[in-house]
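Chemist: Sharing entry_3.cif below, mmCIF, C-alpha atoms:
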```cif
data_structure
#
loop_
_atom_site.label_atom_id
_atom_site.label_comp_id
_atom_site.auth_asym_id
_atom_site.auth_seq_id
_atom_site.Cartn_x
_atom_site.Cartn_y
_atom_site.Cartn_z
CA MET A 24 0.00 0.00 0.00
CA GLU A 25 3.02 2.28 0.26
CA ILE A 26 4.57 1.74 -3.16
CA THR A 27 3.33 3.70 -6.16
CA PRO A 28 3.02 1.31 -9.10
CA SER A 29 5.02 1.99 -12.23
CA TYR A 30 3.48 1.49 -15.64
CA PRO A 31 5.05 0.66 -19.01
CA ARG A 32 5.67 3.74 -21.16
CA ASN A 33 3.89 2.16 -24.12
CA LEU A 34 0.58 1.86 -22.21
CA SER A 35 -2.21 3.83 -23.88
CA LYS A 36 -3.78 6.78 -22.02
CA GLU A 37 -6.98 4.76 -21.67
CA ALA A 38 -5.19 1.70 -20.26
CA LEU A 39 -3.19 3.86 -17.86
CA SER A 40 -6.36 5.60 -16.74
CA ILE A 41 -8.25 2.39 -15.97
CA CYS A 42 -5.26 0.84 -14.19
CA LYS A 43 -4.86 3.91 -12.00
CA GLY A 44 -8.60 4.02 -11.38
CA LEU A 45 -8.82 0.37 -10.32
CA LEU A 46 -5.64 0.55 -8.23
CA ASN A 47 -6.55 3.77 -6.43
CA LYS A 48 -5.57 3.34 -2.78
CA ASP A 49 -8.55 5.36 -1.56
CA PRO A 50 -11.64 3.12 -1.75
CA ALA A 51 -13.93 6.16 -1.91
CA SER A 52 -12.16 7.34 -5.07
CA ARG A 53 -11.49 3.93 -6.61
CA LEU A 54 -13.05 3.21 -10.00
CA GLY A 55 -16.16 1.09 -9.54
CA CYS A 56 -16.60 1.93 -5.85
CA SER A 57 -18.96 4.86 -6.28
CA PRO A 58 -22.73 4.40 -6.04
CA ALA A 59 -22.66 3.76 -9.82
CA GLY A 60 -20.56 0.65 -9.09
CA SER A 61 -19.68 -1.51 -12.06
CA LEU A 62 -21.37 0.90 -14.49
CA GLU A 63 -18.53 3.29 -13.79
CA ILE A 64 -16.09 0.63 -15.04
CA ARG A 65 -18.23 -0.35 -18.02
CA ASP A 66 -18.51 3.29 -19.10
CA HIS A 67 -14.76 3.91 -18.89
CA VAL A 68 -13.16 5.00 -22.18
CA PHE A 69 -10.92 1.89 -22.10
CA PHE A 70 -14.02 -0.22 -22.85
CA ARG A 71 -15.51 2.15 -25.46
CA ARG A 72 -15.48 -0.55 -28.18
CA ILE A 73 -17.15 -3.17 -25.99
CA ASN A 74 -20.82 -3.93 -26.65
CA TRP A 75 -21.82 -5.08 -23.17
CA GLU A 76 -25.28 -6.24 -24.26
CA LEU A 77 -23.74 -8.68 -26.78
CA ILE A 78 -21.34 -9.96 -24.13
CA GLU A 79 -24.11 -10.41 -21.55
CA SER A 80 -26.21 -12.33 -24.08
CA LYS A 81 -23.15 -14.51 -24.85
CA ALA A 82 -23.35 -13.53 -28.52
CA VAL A 83 -19.61 -12.77 -28.66
CA GLN A 84 -16.99 -15.48 -28.94
CA PRO A 85 -14.09 -14.93 -26.54
CA PRO A 86 -10.80 -14.17 -28.31
CA PHE A 87 -9.09 -16.93 -26.31
CA ARG A 88 -10.42 -19.96 -24.46
CA PRO A 89 -7.76 -21.64 -22.35
CA PRO A 90 -7.78 -25.42 -22.51
CA VAL A 91 -9.10 -27.07 -19.35
CA VAL A 92 -9.38 -30.72 -18.40
CA ASP A 93 -12.27 -30.29 -15.95
CA LYS A 94 -13.83 -27.70 -13.65
CA ARG A 95 -11.07 -28.14 -11.08
CA ASP A 96 -8.19 -27.75 -13.56
CA VAL A 97 -5.78 -25.04 -12.37
CA SER A 98 -3.08 -25.64 -14.98
CA ASN A 99 -3.67 -22.17 -16.45
CA PHE A 100 -2.85 -20.46 -13.15
CA ASP A 101 0.70 -19.45 -12.30
CA PRO A 102 2.39 -22.05 -10.04
CA VAL A 103 3.44 -19.14 -7.82
CA PHE A 104 -0.17 -19.16 -6.60
CA THR A 105 -1.12 -22.82 -6.93
CA ASP A 106 1.98 -23.94 -5.01
CA MET A 107 1.29 -21.62 -2.08
CA SER A 108 0.35 -23.31 1.14
CA THR A 109 -2.99 -22.35 2.59
CA GLU A 110 -3.12 -20.78 5.99
CA PHE A 111 -6.49 -20.59 7.64
CA THR A 112 -7.11 -17.79 10.08
CA PRO A 113 -8.79 -19.09 13.22
CA THR A 114 -12.41 -18.01 13.27
CA ASP A 115 -13.52 -15.70 16.05
CA LYS A 116 -16.59 -17.52 17.40
CA LEU A 117 -18.09 -14.31 18.83
CA PHE A 118 -17.77 -12.63 15.43
CA ILE A 119 -19.49 -15.57 13.71
CA MET A 120 -22.29 -15.64 16.29
CA ASN A 121 -23.01 -11.95 15.62
CA LEU A 122 -23.20 -12.24 11.83
CA THR A 123 -26.70 -11.60 10.53
CA GLN A 124 -26.09 -13.35 7.20
CA THR A 125 -28.38 -10.82 5.49
CA GLU A 126 -25.92 -10.63 2.60
CA PHE A 127 -26.89 -14.19 1.72
CA ALA A 128 -30.66 -13.92 1.98
CA GLY A 129 -32.22 -15.81 -0.92
CA PHE A 130 -28.89 -17.32 -1.92
CA SER A 131 -29.26 -21.04 -2.49
CA PHE A 132 -26.70 -22.07 -5.12
CA VAL A 133 -24.17 -24.71 -4.15
CA ASN A 134 -21.59 -25.75 -6.74
CA PRO A 135 -21.77 -29.57 -6.76
CA GLU A 136 -18.19 -29.73 -8.05
CA PHE A 137 -16.86 -28.26 -4.84
CA VAL A 138 -19.01 -29.83 -2.16
CA VAL A 139 -16.86 -31.69 0.31
CA GLU A 140 -18.49 -34.46 2.29
CA VAL A 141 -17.66 -34.30 5.99
#
```
Represent the supplied structure as structure tokens.
Modeler:
Amino acid sequence: MEITPSYPRNLSKEALSICKGLLNKDPASRLGCSPAGSLEIRDHVFFRRINWELIESKAVQPPFRPPVVDKRDVSNFDPVFTDMSTEFTPTDKLFIMNLTQTEFAGFSFVNPEFVVEV
């Protein structure tokens, strides 16, 4: 949080603008964090050639589809991340007891590929 990122000199003004907007250290000023939310990102000049309606309707073929073996295939991720050991932070039981879970009201989807039997 203390280092100012450097950007390649050949980055377009639009690309530089969106990078700086998304990486803004102040959440209140960060691109996409205003009340307009994701619309602020979609309307950014960097995406001016994107037809979001066509993308949402899946009418656009992606320019690249990485090969995957199955839904759990992580071979396209950098080993720097996939080789990292996981460290679980102990859960504060009092914090959990006081959660209202309102963020998940009406949420019922469970990915069957990632259900672990206990």
Chemist: Just give me the gap between atom CA of A:Arg53 and atom CA of A:Ile41 in Å, one decimal is fine.
Modeler: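 So the answer is 10.0 Å.
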Chemist: Pick out the residues sitting within 8 Å of stretch 68-73 of chain A, and hand them over as number ranges by chain; count all atoms listed in the file, and ignore anything fewer than 5 positions along from it in its own chain.
Modeler: A: 37-38, 40-41
Chemist: To one decimal place in Å, what is the distance between atom CA of A:Phe104 and atom CA of A:Cys42?
Modeler: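 Separation between atom CA of A:Phe104 and atom CA of A:Cys42: 22.0 Å.
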Chemist: Once the PyMOL selection byres ((chain A and resi 28) around 12) has been evaluated on this model, what residues remain selected, and can you format them as a list in words?
Modeler: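 The output of the PyMOL selection byres ((chain A and resi 28) around 12) on this file is Met24, Glu25, Ile26, Thr27, Ser29, Tyr30, Pro31, Leu39, Cys42, Lys43, Leu45, Leu46, Asn47 and Lys48 of chain A.
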Chemist: Please, what distance in Å, to one decimal, runs between atom CA of A:Glu136 and atom CA of A:Ile119?
Modeler: 26.0 Å
Chemist: For A:Gly44, work out the shell of residues within 10 Å, counting all atoms listed in the file and skipping chain neighbours fewer than 5 positions away, then give it as an MDAnalysis selection string.
Modeler: chainID A and resid 38:39 49 52:56 64 67
Chemist: Closest to A:Asn134 among A:Lys116, A:Lys94, A:Asn121, A:Ala59, using all atoms listed in the file?
Modeler: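 Nearest candidate to A:Asn134 out of A:Lys116, A:Lys94, A:Asn121, A:Ala59: A:Lys94.
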